[in-house]
Amino acid sequence: MNLNSQMRKLQTAIVKTGLVIKLSTGQFYSEDQRRMITSYSLSTPVTYFSERQGSWRTKDHEILKSYSMAEVIMCLADIYKAVKEWH
(Lines give C-alpha, C1' and ligand atoms only; values in the text may rest on other atoms or scores of the structure.)
Protein backbone atom coordinates (compact mmCIF):
# COMPACT_ATOMS: atom_id res chain seq x y z
CA MET A 1 0.00 0.00 0.00
CA ASN A 2 1.46 3.37 -0.92
CA LEU A 3 1.71 6.33 1.46
CA ASN A 4 -0.92 8.38 -0.35
CA SER A 5 -3.58 5.71 0.10
CA GLN A 6 -2.58 5.28 3.76
CA MET A 7 -3.14 9.01 4.32
CA ARG A 8 -6.56 8.89 2.68
CA LYS A 9 -7.63 5.77 4.60
CA LEU A 10 -6.60 7.29 7.94
CA GLN A 11 -8.38 10.53 7.05
CA THR A 12 -11.55 8.61 6.16
CA ALA A 13 -11.39 6.58 9.39
CA ILE A 14 -11.05 9.76 11.47
CA VAL A 15 -13.92 11.49 9.67
CA LYS A 16 -16.14 8.45 10.31
CA THR A 17 -15.61 8.96 14.05
CA GLY A 18 -17.07 12.46 13.75
CA LEU A 19 -13.91 14.60 13.73
CA VAL A 20 -13.42 16.46 10.46
CA ILE A 21 -9.78 16.51 9.33
CA LYS A 22 -8.87 18.31 6.11
CA LEU A 23 -5.77 17.29 4.19
CA SER A 24 -4.40 19.91 1.82
CA THR A 25 -1.38 19.80 -0.47
CA GLY A 26 0.57 22.51 -2.21
CA GLN A 27 3.66 22.66 -4.37
CA PHE A 28 6.46 25.09 -5.02
CA TYR A 29 9.70 25.01 -6.95
CA SER A 30 12.95 24.95 -4.96
CA GLU A 31 15.82 26.72 -6.70
CA ASP A 32 18.32 25.12 -4.29
CA GLN A 33 17.19 21.56 -4.97
CA ARG A 34 16.01 22.23 -8.55
CA ARG A 35 12.78 20.29 -8.08
CA MET A 36 9.15 20.63 -7.04
CA ILE A 37 8.50 20.34 -3.30
CA THR A 38 5.11 19.20 -1.97
CA SER A 39 3.81 20.52 1.33
CA TYR A 40 1.04 18.86 3.35
CA SER A 41 -1.31 20.56 5.78
CA LEU A 42 -3.73 19.03 8.28
CA SER A 43 -6.50 21.25 9.62
CA THR A 44 -9.87 21.03 11.30
CA PRO A 45 -12.75 23.55 11.28
CA VAL A 46 -13.34 25.39 14.56
CA THR A 47 -16.18 27.70 15.55
CA TYR A 48 -15.39 30.96 17.33
CA PHE A 49 -17.21 34.15 18.28
CA SER A 50 -16.08 37.20 16.32
CA GLU A 51 -16.26 40.29 18.55
CA ARG A 52 -15.90 42.60 15.55
CA GLN A 53 -18.73 41.04 13.56
CA GLY A 54 -20.79 40.04 16.58
CA SER A 55 -21.52 36.53 15.32
CA TRP A 56 -20.23 32.97 15.35
CA ARG A 57 -17.78 32.15 12.56
CA THR A 58 -15.95 29.05 11.35
CA LYS A 59 -12.28 28.93 10.41
CA ASP A 60 -9.70 26.21 9.82
CA HIS A 61 -7.26 25.52 12.64
CA GLU A 62 -3.97 24.17 11.30
CA ILE A 63 -2.83 21.07 13.17
CA LEU A 64 0.32 20.32 11.18
CA LYS A 65 2.20 21.63 8.18
CA SER A 66 4.97 19.41 6.89
CA TYR A 67 6.94 18.48 3.80
CA SER A 68 7.14 14.84 4.92
CA MET A 69 4.33 12.47 3.98
CA ALA A 70 5.49 10.02 6.66
CA GLU A 71 5.18 12.71 9.34
CA VAL A 72 1.62 13.47 8.21
CA ILE A 73 0.73 9.76 8.38
CA MET A 74 2.16 9.49 11.91
CA CYS A 75 0.14 12.55 12.98
CA LEU A 76 -3.04 11.09 11.46
CA ALA A 77 -2.36 7.77 13.24
CA ASP A 78 -1.94 9.61 16.57
CA ILE A 79 -5.19 11.53 15.99
CA TYR A 80 -6.99 8.28 15.11
CA LYS A 81 -5.73 6.56 18.28
CA ALA A 82 -6.79 9.51 20.44
CA VAL A 83 -10.24 9.71 18.86
CA LYS A 84 -10.80 5.94 19.25
CA GLU A 85 -9.90 6.15 22.98
CA TRP A 86 -12.17 9.16 23.42
CA HIS A 87 -15.21 7.41 21.94
# chains A, B, ... in the order shown; residues from 1 in each chain; ligands from 1

call {"tool": "residues_around", "arguments": {"residues": "Tyr67 in chain A", "least_positions_apart": "2", "cutoff": "8 Å", "atoms": "only C-alpha atoms", "output": "ChimeraX atom specification"}}
result
/A:37-40,65,69

call {"tool": "residues_around", "arguments": {"residues": "Ile63 in chain A", "least_positions_apart": "2", "cutoff": "8 Å", "atoms": "only C-alpha atoms", "output": "JSON, numbers by chain"}}
result
{"A": [41, 42, 43, 44, 61, 65]}

call {"tool": "atom_distance", "arguments": {"atom1": "CA of Met7 in chain A", "atom2": "CA of Ile73 in chain A"}}
result
5.7 Å

call {"tool": "select_by_dssp", "arguments": {"residues": "chain A", "states": "strand (DSSP E or B)", "output": "PyMOL selection string"}}
result
chain A and resi 22-30+35-50+55-66

call {"tool": "write_last_selection", "arguments": {"atoms": "N, CA and C atoms", "output": "short mmCIF file (atom, residue, chain, number, x, y, z; two decimals), in the first residue's frame"}}
result
data_model
loop_
_atom_site.label_atom_id
_atom_site.label_comp_id
_atom_site.auth_asym_id
_atom_site.auth_seq_id
_atom_site.Cartn_x
_atom_site.Cartn_y
_atom_site.Cartn_z
N LYS A 22 -9.11 17.96 7.51
CA LYS A 22 -8.87 18.31 6.11
C LYS A 22 -7.40 18.10 5.80
N LEU A 23 -7.13 17.52 4.65
CA LEU A 23 -5.77 17.29 4.19
C LEU A 23 -5.56 18.09 2.92
N SER A 24 -4.66 19.05 2.97
CA SER A 24 -4.40 19.91 1.82
C SER A 24 -2.95 19.72 1.36
N THR A 25 -2.74 19.87 0.07
CA THR A 25 -1.38 19.80 -0.47
C THR A 25 -1.11 21.04 -1.31
N GLY A 26 0.14 21.40 -1.38
CA GLY A 26 0.57 22.51 -2.21
C GLY A 26 1.97 22.22 -2.73
N GLN A 27 2.33 22.88 -3.79
CA GLN A 27 3.66 22.66 -4.37
C GLN A 27 4.34 23.98 -4.64
N PHE A 28 5.66 23.95 -4.59
CA PHE A 28 6.46 25.09 -5.02
C PHE A 28 7.78 24.57 -5.57
N TYR A 29 8.43 25.40 -6.35
CA TYR A 29 9.70 25.01 -6.95
C TYR A 29 10.85 25.50 -6.08
N SER A 30 11.77 24.61 -5.75
CA SER A 30 12.95 24.95 -4.96
C SER A 30 14.13 25.18 -5.89
N ARG A 35 13.89 21.23 -7.95
CA ARG A 35 12.78 20.29 -8.08
C ARG A 35 11.54 20.87 -7.40
N MET A 36 10.40 20.24 -7.69
CA MET A 36 9.15 20.63 -7.04
C MET A 36 9.11 20.02 -5.64
N ILE A 37 8.65 20.79 -4.68
CA ILE A 37 8.50 20.34 -3.30
C ILE A 37 7.01 20.36 -2.98
N THR A 38 6.52 19.29 -2.36
CA THR A 38 5.11 19.20 -1.97
C THR A 38 4.99 19.42 -0.47
N SER A 39 4.08 20.29 -0.09
CA SER A 39 3.81 20.52 1.33
C SER A 39 2.42 19.95 1.66
N TYR A 40 2.28 19.46 2.87
CA TYR A 40 1.04 18.86 3.35
C TYR A 40 0.56 19.63 4.57
N SER A 41 -0.73 19.83 4.66
CA SER A 41 -1.31 20.56 5.78
C SER A 41 -2.53 19.82 6.30
N LEU A 42 -2.57 19.61 7.62
CA LEU A 42 -3.73 19.03 8.28
C LEU A 42 -4.43 20.14 9.06
N SER A 43 -5.75 20.24 8.89
CA SER A 43 -6.50 21.25 9.62
C SER A 43 -7.88 20.71 9.96
N THR A 44 -8.52 21.39 10.90
CA THR A 44 -9.87 21.03 11.30
C THR A 44 -10.67 22.32 11.48
N PRO A 45 -11.95 22.33 11.10
CA PRO A 45 -12.75 23.55 11.28
C PRO A 45 -13.09 23.76 12.76
N VAL A 46 -12.97 25.01 13.20
CA VAL A 46 -13.34 25.39 14.56
C VAL A 46 -14.32 26.56 14.50
N THR A 47 -15.22 26.61 15.47
CA THR A 47 -16.18 27.70 15.55
C THR A 47 -15.75 28.65 16.65
N TYR A 48 -15.79 29.95 16.36
CA TYR A 48 -15.39 30.96 17.33
C TYR A 48 -16.34 32.15 17.22
N PHE A 49 -16.37 32.96 18.29
CA PHE A 49 -17.21 34.15 18.28
C PHE A 49 -16.37 35.34 17.86
N SER A 50 -16.78 36.02 16.82
CA SER A 50 -16.08 37.20 16.32
C SER A 50 -16.65 38.44 17.01
N SER A 55 -20.86 37.79 15.67
CA SER A 55 -21.52 36.53 15.32
C SER A 55 -20.52 35.38 15.39
N TRP A 56 -21.07 34.18 15.34
CA TRP A 56 -20.23 32.97 15.35
C TRP A 56 -19.71 32.72 13.95
N ARG A 57 -18.44 32.38 13.84
CA ARG A 57 -17.78 32.15 12.56
C ARG A 57 -17.06 30.80 12.62
N THR A 58 -16.72 30.28 11.45
CA THR A 58 -15.95 29.05 11.35
C THR A 58 -14.67 29.34 10.59
N LYS A 59 -13.56 28.81 11.11
CA LYS A 59 -12.28 28.93 10.41
C LYS A 59 -11.51 27.62 10.57
N ASP A 60 -10.53 27.42 9.74
CA ASP A 60 -9.70 26.21 9.82
C ASP A 60 -8.54 26.44 10.78
N HIS A 61 -8.38 25.50 11.71
CA HIS A 61 -7.26 25.52 12.64
C HIS A 61 -6.21 24.54 12.13
N GLU A 62 -5.02 25.03 11.84
CA GLU A 62 -3.97 24.17 11.30
C GLU A 62 -3.36 23.32 12.41
N ILE A 63 -3.39 22.02 12.21
CA ILE A 63 -2.83 21.07 13.17
C ILE A 63 -1.36 20.83 12.87
N LEU A 64 -1.05 20.65 11.59
CA LEU A 64 0.32 20.32 11.18
C LEU A 64 0.55 20.82 9.77
N LYS A 65 1.74 21.33 9.53
CA LYS A 65 2.20 21.63 8.18
C LYS A 65 3.57 21.01 8.05
N SER A 66 3.73 20.16 7.03
CA SER A 66 4.97 19.41 6.89
C SER A 66 5.27 19.16 5.42
#

call {"tool": "closest_residue", "arguments": {"among": "A:Glu71, A:Lys84, A:Ile79, A:Ile21", "to": "Arg8 in chain A", "atoms": "only C-alpha atoms"}}
result
A:Ile21

call {"tool": "atom_distance", "arguments": {"atom1": "CA of Thr17 in chain A", "atom2": "CA of Leu3 in chain A"}}
result
21.6 Å

call {"tool": "select_by_dssp", "arguments": {"residues": "chain A", "states": "alpha helix (DSSP H)", "output": "MDAnalysis selection string"}}
result
chainID A and resid 3:16 69:86

call {"tool": "atom_distance", "arguments": {"atom1": "CA of Val72 in chain A", "atom2": "CA of Val20 in chain A"}}
result
15.5 Å
